[in-house]
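Participant: What follows is the file protein-v9.cif, containing mmCIF, C-alpha atoms:
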data_structure
#
loop_
_atom_site.label_atom_id
_atom_site.label_comp_id
_atom_site.auth_asym_id
_atom_site.auth_seq_id
_atom_site.Cartn_x
_atom_site.Cartn_y
_atom_site.Cartn_z
CA MET A 9 -29.52 -39.51 54.47
CA ARG A 10 -26.06 -41.00 54.73
CA ILE A 11 -23.19 -39.38 52.87
CA LEU A 12 -19.54 -40.28 52.46
CA ILE A 13 -16.82 -37.65 52.45
CA ALA A 14 -13.42 -38.70 51.13
CA ASP A 15 -10.70 -36.10 51.51
CA ASP A 16 -7.17 -36.47 52.84
CA GLU A 17 -6.92 -32.79 53.74
CA THR A 18 -8.04 -32.28 57.35
CA VAL A 19 -9.40 -28.73 57.11
CA SER A 20 -11.50 -29.53 54.08
CA ARG A 21 -12.75 -32.78 55.60
CA ARG A 22 -13.76 -31.18 58.90
CA LEU A 23 -15.42 -28.24 57.16
CA LEU A 24 -17.45 -30.55 54.94
CA GLU A 25 -18.30 -32.83 57.84
CA LYS A 26 -19.69 -29.98 59.91
CA THR A 27 -21.50 -28.34 57.00
CA LEU A 28 -23.23 -31.57 56.05
CA GLU A 29 -24.09 -32.58 59.61
CA ARG A 30 -25.77 -29.21 60.00
CA ALA A 31 -27.70 -29.87 56.83
CA GLY A 32 -29.04 -33.10 58.38
CA TYR A 33 -26.80 -35.68 56.74
CA GLU A 34 -25.36 -38.68 58.54
CA VAL A 35 -21.70 -38.31 57.63
CA THR A 36 -18.98 -40.91 57.22
CA ALA A 37 -15.57 -39.35 56.60
CA VAL A 38 -12.51 -41.17 55.25
CA SER A 39 -9.08 -39.89 54.29
CA ASP A 40 -8.12 -42.08 51.34
CA GLY A 41 -9.61 -43.38 48.13
CA ARG A 42 -9.31 -47.08 48.93
CA ARG A 43 -11.51 -46.79 52.00
CA ALA A 44 -13.95 -44.64 50.06
CA ALA A 45 -14.29 -47.29 47.35
CA GLU A 46 -14.76 -50.03 49.96
CA GLU A 47 -17.49 -48.09 51.73
CA LEU A 48 -19.31 -47.23 48.51
CA CYS A 49 -19.15 -50.80 47.17
CA ARG A 50 -20.75 -52.28 50.28
CA SER A 51 -24.37 -53.24 49.63
CA GLU A 52 -25.43 -51.12 52.60
CA GLY A 53 -22.87 -48.38 51.95
CA SER A 54 -23.58 -44.68 51.44
CA ARG A 55 -25.31 -43.83 48.17
CA LEU A 56 -24.21 -40.22 48.13
CA ALA A 57 -20.55 -39.21 48.16
CA LEU A 58 -18.27 -36.21 47.94
CA LEU A 59 -14.85 -37.22 46.67
CA ASP A 60 -11.67 -35.22 46.54
CA TRP A 61 -9.56 -35.79 43.43
CA VAL A 62 -6.02 -36.09 44.80
CA MET A 63 -6.00 -38.65 47.62
CA PRO A 64 -3.65 -41.41 48.82
CA GLN A 65 -4.19 -45.01 47.65
CA LEU A 66 -6.79 -44.19 45.00
CA ASP A 67 -7.68 -40.83 43.50
CA GLY A 68 -11.24 -39.56 43.12
CA PRO A 69 -11.74 -40.54 39.46
CA SER A 70 -10.38 -44.03 40.21
CA VAL A 71 -12.88 -44.36 43.06
CA CYS A 72 -15.64 -43.43 40.59
CA ARG A 73 -14.45 -46.08 38.13
CA VAL A 74 -14.27 -48.78 40.83
CA VAL A 75 -17.77 -47.96 42.08
CA ARG A 76 -19.27 -47.92 38.59
CA ARG A 77 -17.61 -51.27 37.79
CA LYS A 78 -18.53 -53.08 40.96
CA ARG A 79 -21.91 -51.79 41.98
CA SER A 80 -24.65 -52.25 39.46
CA GLN A 81 -27.75 -52.83 41.56
CA ARG A 82 -28.41 -49.34 42.89
CA HIS A 83 -26.94 -46.06 41.78
CA VAL A 84 -24.40 -44.24 43.95
CA TYR A 85 -24.41 -40.50 43.35
CA LEU A 86 -20.81 -39.34 43.18
CA ILE A 87 -19.69 -35.73 43.30
CA LEU A 88 -16.07 -34.82 42.72
CA LEU A 89 -15.14 -31.85 44.91
CA THR A 90 -11.70 -30.64 43.96
CA SER A 91 -9.58 -27.60 43.36
CA LYS A 92 -8.78 -28.92 39.86
CA SER A 93 -10.71 -26.46 37.81
CA SER A 94 -9.71 -26.73 34.15
CA LYS A 95 -12.25 -27.82 31.51
CA GLU A 96 -10.08 -30.88 30.84
CA ASP A 97 -10.22 -31.85 34.53
CA ILE A 98 -14.00 -31.46 34.64
CA VAL A 99 -14.44 -33.60 31.53
CA GLU A 100 -12.04 -36.24 32.84
CA GLY A 101 -13.79 -36.28 36.22
CA LEU A 102 -17.26 -36.69 34.74
CA GLU A 103 -16.03 -39.29 32.23
CA SER A 104 -14.65 -41.34 35.11
CA GLY A 105 -18.22 -41.84 36.33
CA ALA A 106 -18.85 -38.84 38.59
CA ASP A 107 -22.39 -37.48 38.44
CA ASP A 108 -21.39 -33.94 39.29
CA TYR A 109 -18.32 -31.79 39.73
CA LEU A 110 -17.72 -28.98 42.21
CA ILE A 111 -14.69 -26.77 42.54
CA LYS A 112 -13.08 -25.94 45.89
CA PRO A 113 -13.57 -23.85 47.85
CA PHE A 114 -17.23 -24.75 47.90
CA ASP A 115 -20.09 -22.37 48.42
CA PRO A 116 -22.33 -23.89 51.13
CA GLY A 117 -25.57 -22.98 49.36
CA GLU A 118 -24.43 -24.44 46.06
CA LEU A 119 -23.09 -27.56 47.74
CA LYS A 120 -26.41 -28.22 49.48
CA ALA A 121 -28.36 -27.56 46.27
CA ARG A 122 -26.17 -30.01 44.32
CA LEU A 123 -26.62 -32.61 47.03
CA HIS A 124 -30.38 -32.12 46.88
CA THR A 125 -30.18 -32.80 43.15
CA GLY A 126 -28.36 -36.03 43.93
CA GLN A 127 -30.96 -36.99 46.50
CA ARG A 128 -33.76 -36.32 44.01
CA ILE A 129 -32.11 -38.61 41.47
CA LEU A 130 -31.63 -41.35 44.06
CA GLU A 131 -35.26 -41.00 45.17
CA LEU A 132 -36.36 -41.18 41.55
CA GLU A 133 -34.37 -44.37 41.13
CA ASP A 134 -35.90 -45.80 44.31
CA ASN A 135 -39.38 -44.98 43.02
CA LEU A 136 -38.64 -46.61 39.66
CA LEU A 137 -37.26 -49.75 41.32
CA GLU A 138 -40.30 -49.90 43.58
CA ALA A 139 -42.63 -49.48 40.61
CA ARG A 140 -40.74 -52.17 38.69
CA GLU A 141 -40.98 -54.53 41.66
CA ASP A 142 -44.67 -53.74 42.02
CA MET A 143 -45.27 -54.48 38.33
CA ARG A 144 -43.24 -57.68 38.54
CA TYR A 145 -45.32 -58.78 41.52
CA LYS A 146 -48.59 -57.99 39.76
CA ALA A 147 -47.45 -59.83 36.64
CA THR A 148 -46.59 -62.98 38.58
CA HIS A 149 -49.21 -63.11 41.32
CA ASP A 150 -52.94 -63.62 41.52
CA SER A 151 -54.54 -60.37 42.63
CA LEU A 152 -57.21 -62.03 44.78
CA THR A 153 -55.21 -64.58 46.75
CA SER A 154 -51.68 -63.16 46.30
CA LEU A 155 -50.57 -66.67 45.34
CA LEU A 156 -48.51 -67.20 42.19
CA ASN A 157 -50.68 -66.91 39.09
CA ARG A 158 -51.21 -69.69 36.59
CA GLY A 159 -48.48 -68.60 34.17
CA THR A 160 -45.88 -68.28 36.90
CA ILE A 161 -46.63 -71.54 38.71
CA LEU A 162 -46.48 -73.42 35.40
CA GLU A 163 -43.20 -71.77 34.50
CA LEU A 164 -41.74 -72.66 37.90
CA LEU A 165 -43.04 -76.21 37.61
CA ALA A 166 -41.44 -76.64 34.17
CA GLY A 167 -38.14 -75.29 35.53
CA GLU A 168 -38.32 -77.56 38.54
CA LEU A 169 -39.00 -80.67 36.47
CA ALA A 170 -36.06 -79.83 34.18
CA ARG A 171 -33.80 -79.26 37.17
CA LYS A 172 -34.83 -82.53 38.77
CA ARG A 173 -34.11 -84.34 35.51
CA ARG A 174 -30.56 -83.00 35.65
CA ASN A 175 -30.08 -83.60 39.38
CA LYS A 176 -32.09 -86.82 39.65
CA GLY A 177 -34.20 -85.34 42.45
CA SER A 178 -37.87 -85.74 43.19
CA THR A 179 -40.84 -83.40 42.94
CA THR A 180 -44.43 -83.80 44.06
CA ILE A 181 -47.13 -81.96 42.12
CA VAL A 182 -50.43 -81.33 43.86
CA MET A 183 -53.60 -80.11 42.23
CA GLY A 184 -56.41 -79.20 44.61
CA ASP A 185 -59.96 -78.19 43.83
CA LEU A 186 -62.44 -76.85 46.39
CA ASP A 187 -65.46 -79.07 46.74
CA HIS A 188 -68.85 -77.57 45.87
CA PHE A 189 -67.40 -74.08 45.65
CA LYS A 190 -70.12 -73.00 43.22
CA LEU A 191 -72.58 -73.59 46.03
CA VAL A 192 -70.66 -71.11 48.23
CA ASN A 193 -70.89 -68.45 45.53
CA ASP A 194 -74.56 -69.20 44.85
CA THR A 195 -75.49 -69.24 48.54
CA TYR A 196 -73.41 -66.42 50.01
CA GLY A 197 -72.44 -64.39 46.95
CA HIS A 198 -69.12 -63.81 45.18
CA ILE A 199 -67.72 -61.48 47.82
CA VAL A 200 -67.88 -64.26 50.40
CA GLY A 201 -66.58 -66.66 47.75
CA ASP A 202 -63.57 -64.39 47.40
CA GLU A 203 -63.07 -64.37 51.18
CA VAL A 204 -63.00 -68.16 51.09
CA LEU A 205 -60.47 -68.22 48.25
CA ARG A 206 -58.21 -65.77 50.10
CA GLU A 207 -58.31 -67.87 53.27
CA VAL A 208 -57.65 -71.07 51.31
CA GLY A 209 -54.61 -69.33 49.80
CA ARG A 210 -53.37 -68.40 53.27
CA ARG A 211 -53.87 -71.95 54.56
CA LEU A 212 -52.08 -73.47 51.59
CA LEU A 213 -49.11 -71.16 52.04
CA ALA A 214 -48.99 -71.92 55.75
CA SER A 215 -48.97 -75.65 55.10
CA VAL A 216 -45.92 -75.78 52.81
CA ARG A 217 -42.22 -75.05 53.23
CA SER A 218 -40.61 -71.81 52.15
CA TYR A 219 -39.08 -73.41 49.06
CA ASP A 220 -42.33 -74.96 47.77
CA PHE A 221 -44.48 -73.14 45.21
CA VAL A 222 -48.20 -72.43 45.56
CA GLY A 223 -50.29 -71.00 42.74
CA ARG A 224 -53.88 -70.38 41.78
CA TYR A 225 -54.42 -72.54 38.73
CA GLY A 226 -57.98 -71.58 37.89
CA GLY A 227 -61.16 -70.36 39.64
CA GLU A 228 -61.10 -72.64 42.68
CA GLU A 229 -58.20 -74.82 41.55
CA PHE A 230 -54.76 -74.62 43.08
CA LEU A 231 -51.44 -76.07 42.00
CA LEU A 232 -48.64 -76.80 44.44
CA VAL A 233 -45.09 -77.87 43.67
CA LEU A 234 -43.43 -79.59 46.60
CA ASN A 235 -39.74 -79.46 45.88
CA ASN A 236 -37.53 -82.34 46.98
CA CYS A 237 -40.57 -84.17 48.30
CA CYS A 238 -39.82 -87.80 47.63
CA PRO A 239 -42.63 -90.05 46.38
CA GLY A 240 -42.59 -91.96 49.67
CA ASN A 241 -43.69 -88.84 51.53
CA ALA A 242 -45.98 -87.42 48.88
CA MET A 243 -49.28 -88.76 50.19
CA GLU A 244 -48.46 -87.91 53.81
CA ARG A 245 -47.62 -84.30 52.87
CA THR A 246 -50.71 -84.00 50.72
CA GLU A 247 -52.95 -85.30 53.50
CA GLU A 248 -51.58 -82.58 55.75
CA ILE A 249 -52.50 -80.01 53.13
CA ARG A 250 -56.00 -81.41 52.73
CA LYS A 251 -56.49 -81.27 56.50
CA ALA A 252 -55.16 -77.71 56.65
CA ILE A 253 -57.99 -76.69 54.32
CA GLY A 254 -60.82 -78.82 55.67
CA ASP A 255 -60.27 -79.27 59.38
CA LEU A 256 -61.63 -75.89 60.41
CA PRO A 257 -64.51 -74.02 58.75
CA ILE A 258 -63.58 -70.73 57.13
CA ARG A 259 -64.78 -67.64 58.97
CA THR A 260 -66.35 -65.11 56.62
CA THR A 261 -68.45 -61.98 57.01
CA GLN A 262 -71.48 -64.24 56.50
CA GLY A 263 -70.42 -66.73 59.19
CA SER A 264 -68.31 -69.88 59.22
CA ILE A 265 -68.40 -72.01 56.09
CA PRO A 266 -67.10 -75.57 55.99
CA ILE A 267 -64.83 -76.08 52.99
CA THR A 268 -63.06 -79.19 51.77
CA MET A 269 -60.59 -79.87 49.00
CA SER A 270 -60.14 -82.79 46.66
CA ILE A 271 -56.55 -83.37 45.70
CA GLY A 272 -54.75 -85.09 42.86
CA VAL A 273 -51.12 -85.96 43.43
CA PHE A 274 -48.30 -86.75 41.08
CA ALA A 275 -44.96 -87.78 42.53
CA SER A 276 -42.01 -87.76 40.20
CA TYR A 277 -38.41 -88.91 40.28
CA GLY A 278 -35.82 -87.14 38.20
CA SER A 279 -36.30 -89.74 35.48
CA GLU A 280 -39.57 -88.07 34.43
CA THR A 281 -39.15 -87.06 30.79
CA ARG A 282 -42.72 -86.41 29.70
CA PRO A 283 -43.69 -82.89 28.68
CA LEU A 284 -45.34 -80.61 31.20
CA GLU A 285 -48.76 -80.97 29.55
CA GLU A 286 -48.73 -84.74 30.08
CA VAL A 287 -47.65 -84.40 33.69
CA LEU A 288 -50.47 -81.93 34.27
CA SER A 289 -52.91 -84.26 32.59
CA GLU A 290 -51.72 -86.99 34.94
CA VAL A 291 -52.30 -84.93 38.06
CA ASP A 292 -55.62 -83.68 36.69
CA GLY A 293 -56.67 -87.30 36.25
CA ALA A 294 -55.74 -87.99 39.87
CA LEU A 295 -57.84 -85.01 40.94
CA TYR A 296 -60.77 -86.33 38.92
CA ALA A 297 -60.35 -89.69 40.69
CA ALA A 298 -60.46 -87.92 44.07
CA LYS A 299 -63.69 -86.22 43.09
CA SER A 300 -65.13 -89.53 41.93
CA ALA A 301 -64.10 -91.19 45.18
CA GLY A 302 -66.42 -88.89 47.12
CA ARG A 303 -64.36 -85.65 47.40
CA ASN A 304 -62.33 -84.36 50.38
CA CYS A 305 -59.61 -86.93 49.75
CA CYS A 306 -56.29 -87.34 47.98
CA CYS A 307 -55.59 -89.61 45.01
CA LEU A 308 -52.25 -90.50 43.57
CA GLY A 309 -51.68 -90.40 39.80
CA SER A 310 -51.36 -93.81 38.24
CA ASP A 311 -47.95 -93.10 36.73
CA SER A 312 -46.46 -91.73 39.94
CA ARG A 313 -43.06 -93.30 40.65
CA LEU A 314 -43.53 -94.66 44.14
CA MET B 10 -13.18 -5.50 64.84
CA ASN B 11 -10.06 -6.02 66.93
CA GLN B 12 -6.46 -5.53 65.81
CA GLU B 13 -5.74 -9.26 65.40
CA HIS B 14 -8.79 -9.66 63.22
CA ALA B 15 -7.77 -6.67 61.09
CA SER B 16 -4.28 -8.08 60.58
CA LEU B 17 -5.57 -11.50 59.57
CA GLU B 18 -7.93 -9.88 57.09
CA GLN B 19 -4.92 -8.85 55.01
CA TYR B 20 -4.66 -12.53 54.12
CA VAL B 21 -8.08 -14.05 54.76
CA ASN B 22 -11.38 -13.02 53.21
CA MET B 23 -13.21 -13.22 56.52
CA THR B 24 -16.64 -12.36 55.10
CA GLU B 25 -16.47 -15.28 52.71
CA LEU B 26 -14.99 -17.62 55.33
CA LEU B 27 -17.59 -16.77 57.96
CA ALA B 28 -20.33 -17.43 55.41
CA ARG B 29 -18.72 -20.79 54.62
CA VAL B 30 -18.74 -21.83 58.29
CA ASP B 31 -22.23 -20.42 58.77
CA ASN B 32 -20.88 -17.84 61.25
CA ASP B 33 -19.85 -20.62 63.58
CA ARG B 34 -16.84 -19.10 65.34
CA GLU B 35 -16.07 -22.26 67.26
CA LEU B 36 -15.80 -24.16 64.01
CA LEU B 37 -13.64 -21.36 62.63
CA ALA B 38 -11.25 -21.70 65.56
CA GLU B 39 -11.22 -25.48 65.13
CA LEU B 40 -10.35 -25.13 61.44
CA PHE B 41 -7.58 -22.62 62.17
CA THR B 42 -6.20 -25.03 64.79
CA LEU B 43 -6.22 -27.89 62.28
CA PHE B 44 -4.55 -25.62 59.77
CA ARG B 45 -1.78 -24.68 62.20
CA GLU B 46 -1.19 -28.38 62.89
CA ASP B 47 -1.19 -29.51 59.27
CA PHE B 48 0.17 -26.60 57.29
CA PRO B 49 3.81 -26.96 58.50
CA ARG B 50 3.79 -30.66 57.59
CA LEU B 51 2.50 -30.01 54.08
CA HIS B 52 4.81 -27.04 53.64
CA ASP B 53 7.81 -29.16 54.67
CA ALA B 54 6.68 -31.92 52.29
CA LEU B 55 6.58 -29.38 49.46
CA HIS B 56 10.11 -28.22 50.22
CA SER B 57 11.43 -31.78 50.44
CA ALA B 58 9.83 -32.63 47.11
CA VAL B 59 11.33 -29.55 45.48
CA ASP B 60 14.76 -30.35 46.93
CA SER B 61 14.63 -33.89 45.63
CA GLY B 62 13.28 -32.82 42.23
CA ALA B 63 10.25 -35.11 42.51
CA LEU B 64 7.89 -33.15 40.27
CA LEU B 65 4.83 -35.32 40.87
CA GLN B 66 5.18 -34.91 44.64
CA VAL B 67 5.77 -31.18 44.24
CA GLY B 68 2.55 -30.92 42.25
CA ASN B 69 0.57 -33.00 44.74
CA ALA B 70 1.87 -31.14 47.81
CA ALA B 71 1.20 -27.76 46.20
CA HIS B 72 -2.26 -28.96 45.18
CA ALA B 73 -3.06 -30.00 48.77
CA LEU B 74 -1.86 -26.63 50.09
CA LYS B 75 -3.89 -24.81 47.47
CA GLY B 76 -7.07 -26.64 48.53
CA MET B 77 -6.45 -26.08 52.23
CA LEU B 78 -5.78 -22.36 51.76
CA ALA B 79 -8.73 -21.90 49.43
CA ASN B 80 -11.06 -23.52 51.95
CA LEU B 81 -9.93 -20.95 54.52
CA SER B 82 -10.30 -18.12 52.00
CA ILE B 83 -6.57 -17.39 52.13
CA LYS B 84 -6.81 -16.33 48.52
CA GLN B 85 -3.38 -14.97 47.71
CA GLY B 86 -1.75 -17.95 49.39
CA ALA B 87 -3.94 -20.35 47.41
CA GLU B 88 -3.06 -18.59 44.14
CA LEU B 89 0.65 -18.78 44.90
CA ALA B 90 0.36 -22.48 45.74
CA ALA B 91 -1.47 -22.91 42.42
CA GLY B 92 1.53 -21.25 40.76
CA VAL B 93 3.87 -23.84 42.29
CA GLU B 94 1.54 -26.64 41.20
CA ALA B 95 1.33 -25.34 37.63
CA ALA B 96 5.12 -25.01 37.40
CA ALA B 97 5.52 -28.58 38.68
CA ARG B 98 2.95 -29.98 36.21
CA SER B 99 4.80 -28.27 33.35
CA GLY B 100 8.19 -29.46 34.64
CA ASP B 101 9.59 -25.94 34.85
CA THR B 102 12.10 -26.28 37.69
CA PRO B 103 13.36 -22.64 37.76
CA GLN B 104 9.73 -21.47 37.84
CA ILE B 105 9.01 -23.90 40.70
CA ARG B 106 11.75 -22.33 42.83
CA GLN B 107 10.62 -18.82 41.98
CA ALA B 108 6.96 -19.61 42.73
CA LEU B 109 7.94 -21.40 45.93
CA ALA B 110 9.90 -18.38 47.15
CA ALA B 111 6.86 -16.15 46.62
CA PHE B 112 4.68 -18.70 48.35
CA ASP B 113 7.08 -18.93 51.31
CA ARG B 114 6.96 -15.13 51.82
CA GLU B 115 3.17 -15.17 51.78
CA ALA B 116 3.07 -18.23 54.07
CA ALA B 117 5.28 -16.50 56.62
CA GLY B 118 2.90 -13.54 56.60
CA PHE B 119 -0.37 -15.40 57.04
CA SER B 120 1.11 -17.87 59.52
CA ALA B 121 2.29 -15.02 61.74
CA ALA B 122 -1.04 -13.20 61.40
CA LEU B 123 -2.87 -16.37 62.28
CA ASP B 124 -0.67 -16.96 65.33
CA VAL B 125 -1.48 -13.46 66.59
CA PHE B 126 -5.16 -13.96 65.86
CA MET B 127 -5.27 -17.25 67.74
CA VAL B 128 -3.50 -15.80 70.78
CA GLY B 129 -6.13 -13.05 70.83
CA TRP B 130 -8.86 -15.64 70.39
CA GLU B 131 -7.60 -17.88 73.20
CA ARG B 132 -7.38 -14.89 75.57
#
Just give me the structure as structure tokens.
Facilitator:
Amino acid sequence: MRILIADDETVSRRLLEKTLERAGYEVTAVSDGRRAAEELCRSEGSRLALLDWVMPQLDGPSVCRVVRRKRSQRHVYLILLTSKSSKEDIVEGLESGADDYLIKPFDPGELKARLHTGQRILELEDNLLEAREDMRYKATHDSLTSLLNRGTILELLAGELARKRRNKGSTTIVMGDLDHFKLVNDTYGHIVGDEVLREVGRRLLASVRSYDFVGRYGGEEFLLVLNNCCPGNAMERTEEIRKAIGDLPIRTTQGSIPITMSIGVFASYGSETRPLEEVLSEVDGALYAAKSAGRNCCCLGSDSRL
Amino acid sequence: MNQEHASLEQYVNMTELLARVDNDRELLAELFTLFREDFPRLHDALHSAVDSGALLQVGNAAHALKGMLANLSIKQGAELAAGVEAAARSGDTPQIRQALAAFDREAAGFSAALDVFMVGWER
């Protein structure tokens, strides 16, 4: 683990450097508070630090205050290591934002134990952040296909429509439904049906740009939001998506299965003011028209602004 | 234990210091070398600050010396430097001069002992 040492006194700095290198730390040593604060405020800077109190440019407590003010994303574990030993000093040091306080000269065993405490706290924070990210992902994504789930894709679509109203941009909304998917489930079973859905999800993601949104709307229904896709290009883009699904059969554990998708399209300029439900109804109607037209095709919503 | 070591032990708690450096004698020599380079500069800075009556600088210089000496387990020296620092923080100029004189005597002793020790070491 990386650690920053900030101490203007050469003997102390070298002693700490050597002690910590021996203990397996990757040490960065600086001799003034300003450089310490800069290093600790970098997004990739050290997250564990030993700070002397009296230093040129910026003293240890000031470094703590700067770090606590500027860096909110991930915790930096700060230990003040100083020969200031009064109760008032300790209180002032900890109140400045230090996590721990050690008095010089340090005892190597105690120093290492205190650093281990810091590491444990940082690891705990990492685990919590990871768990939070995991929960956020699960709350926003479909567990089978890993696409955005219905709630999230609708929320993003509503946001996108509102933004386009403000910026006068264009958005294309695509609703796709796999043709005769019930037959796949009935013929090969639900496990193979799931394999098909996963592969369709992969193909949809591969066929859009990084700033488009792809979500699973229902069982075998998918909703795509093509950002900044002008109505003039909407049908061309949608045809590409349809081909990406249907051109090659999907390989499953039960063999290759041909799959096609019917697609309803709604292309909107920024002037679109109807509520989300009406826009969805429009694109759903276009999907129904594609089904009626014989499936495996794309139909444009009647109110699309071409 | 050789004579140089014995003399230095009047000033330095060698048992504590060796434990601090994990019995690494090369590191010990490196730290003593750094000390011999830096101590005169800090000591001079302390004297200059006292002469000019700059109490904040007196306190800071004494504080730096105290930390350096404590790290090397030069305990009496560190305590005397702490005395100078405390006198400076309380603005007691006569006490500063008195504490500094005591510190200077101690500094002369451990500096000489360290010089002898390092000559023995280098041989």
Participant: Dump as a list in words the residues of chain B that approach chain A to within 7 Å, counting all atoms listed in the file.
Facilitator: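 Here is what falls inside 7 Å: Arg29, Leu40, Leu43, Phe44, Ala73, Gly76, Met77, Ala79 and Asn80 of chain B.
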Participant: State, in Å with one decimal place, the distance from CA of Ser104 in chain A to CA of Arg10 in chain A.
Facilitator: 22.7 Å
Participant: Just say which residues the PyMOL selection byres ((chain B and resi 86-103) around 10) picks in this file, as JSON, numbers by chain.
Facilitator: {"A": [91, 92], "B": [20, 21, 55, 59, 62, 63, 64, 65, 66, 67, 68, 69, 70, 71, 72, 73, 74, 75, 76, 77, 78, 79, 80, 81, 82, 83, 84, 85, 104, 105, 106, 107, 108, 109, 110, 111, 112, 113, 114, 115, 116, 118, 119]}
Participant: Spell out the residues picked by the PyMOL selection byres ((chain A and resi 266) around 8) here, as a PyMOL selection string.
Facilitator: chain A and resi 254+256-258+264-265+267-268
Participant: Evaluated on this file, the PyMOL selection byres ((chain A and resi 33) around 12) picks out some residues - which ones are they, written as a list in words?
Facilitator: Met9, Arg10, Ile11, Leu12, Ile13, Leu24, Glu25, Lys26, Thr27, Leu28, Glu29, Arg30, Ala31, Gly32, Glu34, Val35, Thr36, Ala37, Ser54, Arg55, Leu56, Ala57, Lys120, Leu123, His124 and Gln127 of chain A
Participant: What's the separation between CA of Gly293 in chain A and CA of Arg171 in chain A, in Å to one decimal place?
Facilitator: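 Taking CA of Gly293 in chain A as the start and CA of Arg171 in chain A as the end point, the length is 24.3 Å.
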Participant: So how far away is CA of Thr24 in chain B from CA of Phe48 in chain B, in Å?
Facilitator: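 Interatomic distance, CA of Phe48 in chain B to CA of Thr24 in chain B: 22.1 Å.
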Participant: So, counting only C-alpha atoms, which residue among A:Leu213, A:Leu234, A:Val200, A:Val182 is closest to Cys306 in chain A?
Facilitator: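 Of all the options, A:Val182 lies closest to Cys306 in chain A.
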Participant: What are the centre and edge lengths in Å, to one decimal, of the axis-aligned box around all listed atoms of range 261-277 of chain A with 5 Å added on each side, as AutoDock Vina command-line options?
Facilitator:
--center_x -54.9 --center_y -75.4 --center_z 49.7 --size_x 43.1 --size_y 36.9 --size_z 29.0
Participant: Name all residues at most 10 Å from Lys78 in chain A (count only C-alpha atoms; drop same-chain ones fewer than 6 positions away) and give them as a ChimeraX atom specification.
Facilitator: /A:45,48-50
Participant: Pick from A:Asp40, A:Asp255, A:Glu228, A:Asp134: nearest to Gly201 in chain A, with only C-alpha atoms counted?
Facilitator: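 Among the listed residues, A:Glu228 lies closest to Gly201 in chain A.
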Participant: Have a look at A:Met183, A:Leu169, A:Met269, A:Val192 and name the one nearest to Leu295 in chain A; count all atoms listed in the file.
Facilitator: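 That would be A:Met183, the residue with the smallest distance to Leu295 in chain A.
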Participant: Could you pull the residues within 8 Å of range 145-154 of chain A, counting all atoms listed in the file, minus those fewer than 5 positions along the same chain, as a CSV table (one decimal) with C-alpha atoms, keeping the file's coordinate frame?
Facilitator:
chain,number,residue,atom,x,y,z
A,159,GLY,CA,-48.5,-68.6,34.2
A,160,THR,CA,-45.9,-68.3,36.9
A,202,ASP,CA,-63.6,-64.4,47.4
A,205,LEU,CA,-60.5,-68.2,48.2
A,206,ARG,CA,-58.2,-65.8,50.1
A,207,GLU,CA,-58.3,-67.9,53.3
A,209,GLY,CA,-54.6,-69.3,49.8
A,210,ARG,CA,-53.4,-68.4,53.3
A,223,GLY,CA,-50.3,-71.0,42.7
A,224,ARG,CA,-53.9,-70.4,41.8
